[in-house]
Amino acid sequence: MAQSNCNADWQTELRFIHQRAGHVLESGQWADCTFIVGNENNQKTLRGHRLILAMSSPVFEAMFYGGMAEKKDKPVEILDVQPEAFRALLQYIYSDEITLKSFDQVCEICYAAKKYMIPSLVEQCTQFIWQDLHPGNVCRAYEFARLFEESSLLEKCVQIIQNATEQVLKDPSFEEVDASILRTILQQERLGVSELILWEACLTWAKQECVRQSLEVSPMNQRKVLGDCLGMIRFLTLSPTEFANSPAVSGILTQEESYTLLMNISSPGVTSVPSPFCQNNKRRQKEQTPPPSSLTHSDSRASRIREDVQLRCECVGNDMAQVLINEQLVDCSLSFAVNRHVCIYGVEMPTQLVPPNLESQLATHPIQQSYSELIYAFLQDSDGCRLTYTHFTARVSWNSSMEVIFNRPVYITPNKTYKIAVVLNKVGRYPVYVTANYVTIDYLTFTFEQDRSRDGLIKAVIFGCSSQRSSSSPESYWPY
């Protein structure tokens, strides 16, 4: 940072502590740490003061005073935060003030605030989103609230989706939403729109999703990207004319499916409704005050997650390839794809190797048989969107393993690339293993990308498979 032009009497002229702290941040005076922030396309160098940062964040405290604090000249790389967001974070830490301008800016700042455990800033970001909610941004706000586990904001977003459904669906931003948001809308019992408009919105979304996935826009591919969402549409609530003039001629349904659904619309119960289509013939009704059951995020999904059996995909061998010496803060990542629907819970990581100076003391000093670990981890999709995260803090044994479980399990789409990233905040030595190219477990195959030398810090992916899903039918739909 450039030196400030403020005169030499700034200590006496600036009346308040936040003004003086802001001055040393801007001027770089007495700075004793350096950050390299952002990716190679947008990277900046920022400076700060260890004591001030550690006073505000337990993550910075672990980074600067957790061990080997004498290495003050080595820059700290922060690749997963945008420079503008990190700069705003520093300004808030030094001055207790921040200027929030846009939804995208707030999301980036909130991510940084969560990462470095500054809850007061997270609260300000949430309040900004709350005050600016409208049908045009409610889907993005819902993703924000779900990622950062802001239950009150989630409830407000659901209310807007239920009461202003048509405006939400017709806003251009709806075509860009993630499949999980479309699924959330279709799960609602109360929506302020007809099922025909809902169906047509799904078609529009599916066309755009085909483009995003570089697929030809065809009825077959539209059905493919809709996936289990197709089974949530209540075709049986349409009139025979509505069904015949839209879903039946869309090409997404087979002739047999169209005929059977039309028969059930005209004469309910005359024949069974084919799988995976919804058998509910009750129209969705708009309600001003949603019942408690509709305010929680994905209730049915959460109950199924609890029923899932947690499994492990061991992605490394048993032989240690090298030892990583973590001197301040190291990030590692693992990119992968899987050929079936699974739910990602977290990862298994190795704990630190016993420091040489403690090896002879472990038997006589039980307190030294473990250490305090601090890890930040998150799961993101191929577009870099963070789907879930966790701050892991616990006392763990040396030369062992630890489960790092995300705050919220996430269902992932088959044959798409995802990345699990882990940031190690504790100084010490970690074993690094060789990651396999792929691992097959029954009918599941995990494929790993060999893109970084530190992939081998992640020993296993912890995942779940629904007990209701057929292992012999690769084209069956995920049940909701």
# chains A, B, ... in the order shown; residues from 1 in each chain; ligands from 1
$ residues_around --residues "segment 126-130 of chain A" --least-positions-apart "5" --cutoff "9 Å" --atoms "only C-alpha atoms" --output "VMD selection string"
chain A and resid 100 to 103 106 110 121 141 144 to 145 150 153 156 to 157
$ residues_around --residues "segment 209-215 of chain A" --least-positions-apart "4" --cutoff "10 Å" --atoms "only C-alpha atoms" --output "PyMOL selection string"
chain A and resi 175-179+203-205+221-226+416
$ write_last_selection --atoms "N, CA, C and O atoms" --output "short mmCIF file (atom, residue, chain, number, x, y, z; two decimals), in the first residue's frame"
data_model
loop_
_atom_site.label_atom_id
_atom_site.label_comp_id
_atom_site.auth_asym_id
_atom_site.auth_seq_id
_atom_site.Cartn_x
_atom_site.Cartn_y
_atom_site.Cartn_z
N GLU A 175 -33.64 -18.15 -14.98
CA GLU A 175 -33.05 -19.09 -15.94
C GLU A 175 -31.64 -19.50 -15.54
O GLU A 175 -31.12 -20.49 -16.05
N GLU A 176 -31.01 -18.75 -14.64
CA GLU A 176 -29.62 -19.02 -14.25
C GLU A 176 -29.52 -19.76 -12.92
O GLU A 176 -28.41 -20.05 -12.48
N VAL A 177 -30.64 -20.08 -12.28
CA VAL A 177 -30.57 -20.67 -10.95
C VAL A 177 -30.04 -22.10 -11.01
O VAL A 177 -30.12 -22.78 -12.04
N ASP A 178 -29.51 -22.55 -9.89
CA ASP A 178 -29.04 -23.92 -9.77
C ASP A 178 -30.24 -24.87 -9.71
O ASP A 178 -31.33 -24.49 -9.31
N ALA A 179 -30.01 -26.11 -10.12
CA ALA A 179 -31.09 -27.11 -10.09
C ALA A 179 -31.66 -27.27 -8.70
O ALA A 179 -32.85 -27.57 -8.54
N LEU A 203 -39.43 -25.68 -18.51
CA LEU A 203 -38.94 -25.89 -19.88
C LEU A 203 -37.91 -24.82 -20.25
O LEU A 203 -36.87 -25.13 -20.83
N THR A 204 -38.23 -23.58 -19.92
CA THR A 204 -37.30 -22.48 -20.23
C THR A 204 -35.99 -22.67 -19.50
O THR A 204 -34.90 -22.48 -20.05
N TRP A 205 -36.08 -23.04 -18.22
CA TRP A 205 -34.86 -23.27 -17.43
C TRP A 205 -34.05 -24.42 -18.03
O TRP A 205 -32.82 -24.33 -18.13
N ASN A 221 -32.50 -34.05 -24.02
CA ASN A 221 -31.54 -33.43 -23.11
C ASN A 221 -32.23 -32.54 -22.08
O ASN A 221 -31.76 -32.40 -20.95
N GLN A 222 -33.36 -31.93 -22.46
CA GLN A 222 -34.12 -31.16 -21.48
C GLN A 222 -34.60 -32.09 -20.35
O GLN A 222 -34.56 -31.73 -19.18
N ARG A 223 -35.07 -33.25 -20.72
CA ARG A 223 -35.49 -34.21 -19.70
C ARG A 223 -34.31 -34.64 -18.84
O ARG A 223 -34.43 -34.80 -17.62
N LYS A 224 -33.17 -34.79 -19.48
CA LYS A 224 -31.97 -35.21 -18.74
C LYS A 224 -31.58 -34.19 -17.69
O LYS A 224 -31.30 -34.54 -16.54
N VAL A 225 -31.56 -32.90 -18.07
CA VAL A 225 -31.11 -31.88 -17.10
C VAL A 225 -32.18 -31.60 -16.05
O VAL A 225 -31.85 -31.20 -14.92
N LEU A 226 -33.44 -31.81 -16.39
CA LEU A 226 -34.49 -31.66 -15.37
C LEU A 226 -34.37 -32.73 -14.29
O LEU A 226 -34.63 -32.48 -13.12
N LYS A 416 -20.36 -34.53 -13.20
CA LYS A 416 -19.94 -33.13 -13.17
C LYS A 416 -18.77 -33.00 -12.18
O LYS A 416 -18.70 -33.72 -11.20
#
$ select_by_dssp --residues "segment 39-231 of chain A" --states "helix (DSSP H, G or I)" --output "number ranges by chain"
A: 50-56, 58-65, 83-95, 103-115, 119-131, 138-147, 151-163, 165-170, 172-176, 179-186, 195-212, 219-231
$ residues_around --residues "Leu53 of chain A" --least-positions-apart "5" --cutoff "12 Å" --atoms "only C-alpha atoms" --output "PDB file with N, CA, C and O atoms, in the first residue's frame"
ATOM      1  N   ALA A  21      -6.567   3.628  13.624  1.00  0.00           N
ATOM      2  CA  ALA A  21      -6.344   2.299  13.048  1.00  0.00           C
ATOM      3  C   ALA A  21      -6.506   2.331  11.533  1.00  0.00           C
ATOM      4  O   ALA A  21      -5.739   1.695  10.789  1.00  0.00           O
ATOM      5  N   LEU A  25      -3.694   1.327   8.551  1.00  0.00           N
ATOM      6  CA  LEU A  25      -4.035   0.377   7.485  1.00  0.00           C
ATOM      7  C   LEU A  25      -3.767   1.010   6.126  1.00  0.00           C
ATOM      8  O   LEU A  25      -3.142   0.391   5.247  1.00  0.00           O
ATOM      9  N   ALA A  31       3.232  -2.030   9.491  1.00  0.00           N
ATOM     10  CA  ALA A  31       2.668  -3.301   9.014  1.00  0.00           C
ATOM     11  C   ALA A  31       3.701  -4.414   9.168  1.00  0.00           C
ATOM     12  O   ALA A  31       4.883  -4.221   8.881  1.00  0.00           O
ATOM     13  N   ASP A  32       3.240  -5.592   9.627  1.00  0.00           N
ATOM     14  CA  ASP A  32       4.172  -6.698   9.842  1.00  0.00           C
ATOM     15  C   ASP A  32       3.694  -8.006   9.205  1.00  0.00           C
ATOM     16  O   ASP A  32       4.186  -9.081   9.536  1.00  0.00           O
ATOM     17  N   CYS A  33       2.712  -7.932   8.301  1.00  0.00           N
ATOM     18  CA  CYS A  33       2.298  -9.124   7.554  1.00  0.00           C
ATOM     19  C   CYS A  33       1.817  -8.712   6.171  1.00  0.00           C
ATOM     20  O   CYS A  33       1.324  -7.590   5.975  1.00  0.00           O
ATOM     21  N   THR A  34       1.981  -9.613   5.234  1.00  0.00           N
ATOM     22  CA  THR A  34       1.637  -9.344   3.832  1.00  0.00           C
ATOM     23  C   THR A  34       0.734 -10.446   3.317  1.00  0.00           C
ATOM     24  O   THR A  34       0.971 -11.628   3.576  1.00  0.00           O
ATOM     25  N   ARG A  47      -1.291  -5.312   2.948  1.00  0.00           N
ATOM     26  CA  ARG A  47      -0.511  -5.428   4.180  1.00  0.00           C
ATOM     27  C   ARG A  47      -1.386  -5.169   5.400  1.00  0.00           C
ATOM     28  O   ARG A  47      -2.416  -4.491   5.321  1.00  0.00           O
ATOM     29  N   GLY A  48      -0.974  -5.735   6.523  1.00  0.00           N
ATOM     30  CA  GLY A  48      -1.754  -5.589   7.745  1.00  0.00           C
ATOM     31  C   GLY A  48      -0.884  -5.701   8.980  1.00  0.00           C
ATOM     32  O   GLY A  48       0.350  -5.767   8.897  1.00  0.00           O
ATOM     33  N   PRO A  58     -10.182 -15.536  15.370  1.00  0.00           N
ATOM     34  CA  PRO A  58      -9.417 -16.695  15.858  1.00  0.00           C
ATOM     35  C   PRO A  58      -8.615 -17.368  14.754  1.00  0.00           C
ATOM     36  O   PRO A  58      -7.616 -18.023  15.034  1.00  0.00           O
ATOM     37  N   VAL A  59      -9.041 -17.199  13.510  1.00  0.00           N
ATOM     38  CA  VAL A  59      -8.275 -17.773  12.401  1.00  0.00           C
ATOM     39  C   VAL A  59      -6.965 -17.023  12.228  1.00  0.00           C
ATOM     40  O   VAL A  59      -5.891 -17.620  12.072  1.00  0.00           O
ATOM     41  N   PHE A  60      -7.017 -15.686  12.272  1.00  0.00           N
ATOM     42  CA  PHE A  60      -5.785 -14.901  12.186  1.00  0.00           C
ATOM     43  C   PHE A  60      -4.908 -15.153  13.414  1.00  0.00           C
ATOM     44  O   PHE A  60      -3.674 -15.164  13.318  1.00  0.00           O
ATOM     45  N   GLU A  61      -5.526 -15.349  14.564  1.00  0.00           N
ATOM     46  CA  GLU A  61      -4.740 -15.649  15.764  1.00  0.00           C
ATOM     47  C   GLU A  61      -3.942 -16.942  15.575  1.00  0.00           C
ATOM     48  O   GLU A  61      -2.745 -17.002  15.875  1.00  0.00           O
ATOM     49  N   ALA A  62      -4.615 -17.981  15.043  1.00  0.00           N
ATOM     50  CA  ALA A  62      -3.922 -19.244  14.801  1.00  0.00           C
ATOM     51  C   ALA A  62      -2.838 -19.081  13.733  1.00  0.00           C
ATOM     52  O   ALA A  62      -1.771 -19.686  13.808  1.00  0.00           O
ATOM     53  N   MET A  63      -3.121 -18.244  12.754  1.00  0.00           N
ATOM     54  CA  MET A  63      -2.180 -18.038  11.657  1.00  0.00           C
ATOM     55  C   MET A  63      -0.899 -17.342  12.119  1.00  0.00           C
ATOM     56  O   MET A  63       0.212 -17.708  11.711  1.00  0.00           O
ATOM     57  N   PHE A  64      -1.034 -16.356  13.006  1.00  0.00           N
ATOM     58  CA  PHE A  64       0.114 -15.529  13.354  1.00  0.00           C
ATOM     59  C   PHE A  64       0.749 -15.868  14.706  1.00  0.00           C
ATOM     60  O   PHE A  64       1.919 -15.585  14.935  1.00  0.00           O
ATOM     61  N   TYR A  65      -0.031 -16.489  15.615  1.00  0.00           N
ATOM     62  CA  TYR A  65       0.500 -16.758  16.940  1.00  0.00           C
ATOM     63  C   TYR A  65       0.370 -18.212  17.344  1.00  0.00           C
ATOM     64  O   TYR A  65       0.555 -18.556  18.506  1.00  0.00           O
ATOM     65  N   LEU A  89     -12.904  -6.457   4.198  1.00  0.00           N
ATOM     66  CA  LEU A  89     -12.793  -7.157   5.474  1.00  0.00           C
ATOM     67  C   LEU A  89     -11.781  -6.464   6.384  1.00  0.00           C
ATOM     68  O   LEU A  89     -12.035  -6.241   7.580  1.00  0.00           O
ATOM     69  N   LEU A  90     -10.633  -6.104   5.834  1.00  0.00           N
ATOM     70  CA  LEU A  90      -9.614  -5.403   6.622  1.00  0.00           C
ATOM     71  C   LEU A  90     -10.140  -4.060   7.124  1.00  0.00           C
ATOM     72  O   LEU A  90      -9.927  -3.693   8.287  1.00  0.00           O
ATOM     73  N   GLN A  91     -10.827  -3.341   6.268  1.00  0.00           N
ATOM     74  CA  GLN A  91     -11.358  -2.042   6.683  1.00  0.00           C
ATOM     75  C   GLN A  91     -12.345  -2.195   7.831  1.00  0.00           C
ATOM     76  O   GLN A  91     -12.370  -1.367   8.756  1.00  0.00           O
ATOM     77  N   TYR A  92     -13.137  -3.249   7.782  1.00  0.00           N
ATOM     78  CA  TYR A  92     -14.093  -3.474   8.883  1.00  0.00           C
ATOM     79  C   TYR A  92     -13.357  -3.823  10.168  1.00  0.00           C
ATOM     80  O   TYR A  92     -13.707  -3.332  11.242  1.00  0.00           O
ATOM     81  N   ILE A  93     -12.341  -4.667  10.084  1.00  0.00           N
ATOM     82  CA  ILE A  93     -11.581  -5.059  11.270  1.00  0.00           C
ATOM     83  C   ILE A  93     -10.933  -3.838  11.923  1.00  0.00           C
ATOM     84  O   ILE A  93     -10.922  -3.689  13.152  1.00  0.00           O
ATOM     85  N   TYR A  94     -10.413  -2.933  11.092  1.00  0.00           N
ATOM     86  CA  TYR A  94      -9.680  -1.787  11.630  1.00  0.00           C
ATOM     87  C   TYR A  94     -10.600  -0.650  12.084  1.00  0.00           C
ATOM     88  O   TYR A  94     -10.240   0.121  12.978  1.00  0.00           O
ATOM     89  N   SER A  95     -11.761  -0.517  11.459  1.00  0.00           N
ATOM     90  CA  SER A  95     -12.579   0.671  11.728  1.00  0.00           C
ATOM     91  C   SER A  95     -13.995   0.377  12.207  1.00  0.00           C
ATOM     92  O   SER A  95     -14.723   1.310  12.577  1.00  0.00           O
ATOM     93  N   TYR A 116     -13.003 -16.242   8.165  1.00  0.00           N
ATOM     94  CA  TYR A 116     -12.138 -15.744   9.235  1.00  0.00           C
ATOM     95  C   TYR A 116     -12.911 -15.516  10.546  1.00  0.00           C
ATOM     96  O   TYR A 116     -12.399 -14.881  11.457  1.00  0.00           O
ATOM     97  N   MET A 117     -14.128 -16.071  10.607  1.00  0.00           N
ATOM     98  CA  MET A 117     -14.915 -16.097  11.842  1.00  0.00           C
ATOM     99  C   MET A 117     -15.128 -14.708  12.439  1.00  0.00           C
ATOM    100  O   MET A 117     -14.712 -14.418  13.575  1.00  0.00           O
ATOM    101  N   ILE A 118     -15.798 -13.836  11.672  1.00  0.00           N
ATOM    102  CA  ILE A 118     -16.141 -12.499  12.146  1.00  0.00           C
ATOM    103  C   ILE A 118     -17.659 -12.371  12.061  1.00  0.00           C
ATOM    104  O   ILE A 118     -18.213 -11.861  11.079  1.00  0.00           O
TER     105      ILE A 118
END
$ select_by_dssp --residues "segment 122-359 of chain A" --states "strand (DSSP E)" --output "PyMOL selection string"
chain A and resi 309-314+316-326+330-338+342-350
$ residues_around --residues "Arg183 of chain A" --least-positions-apart "3" --cutoff "8 Å" --atoms "only C-alpha atoms" --output "count of residues only"
6
$ closest_residue --among "A:Phe392, A:Phe86, A:Phe448, A:Trp398" --to "Leu424 of chain A" --atoms "only C-alpha atoms"
A:Phe392
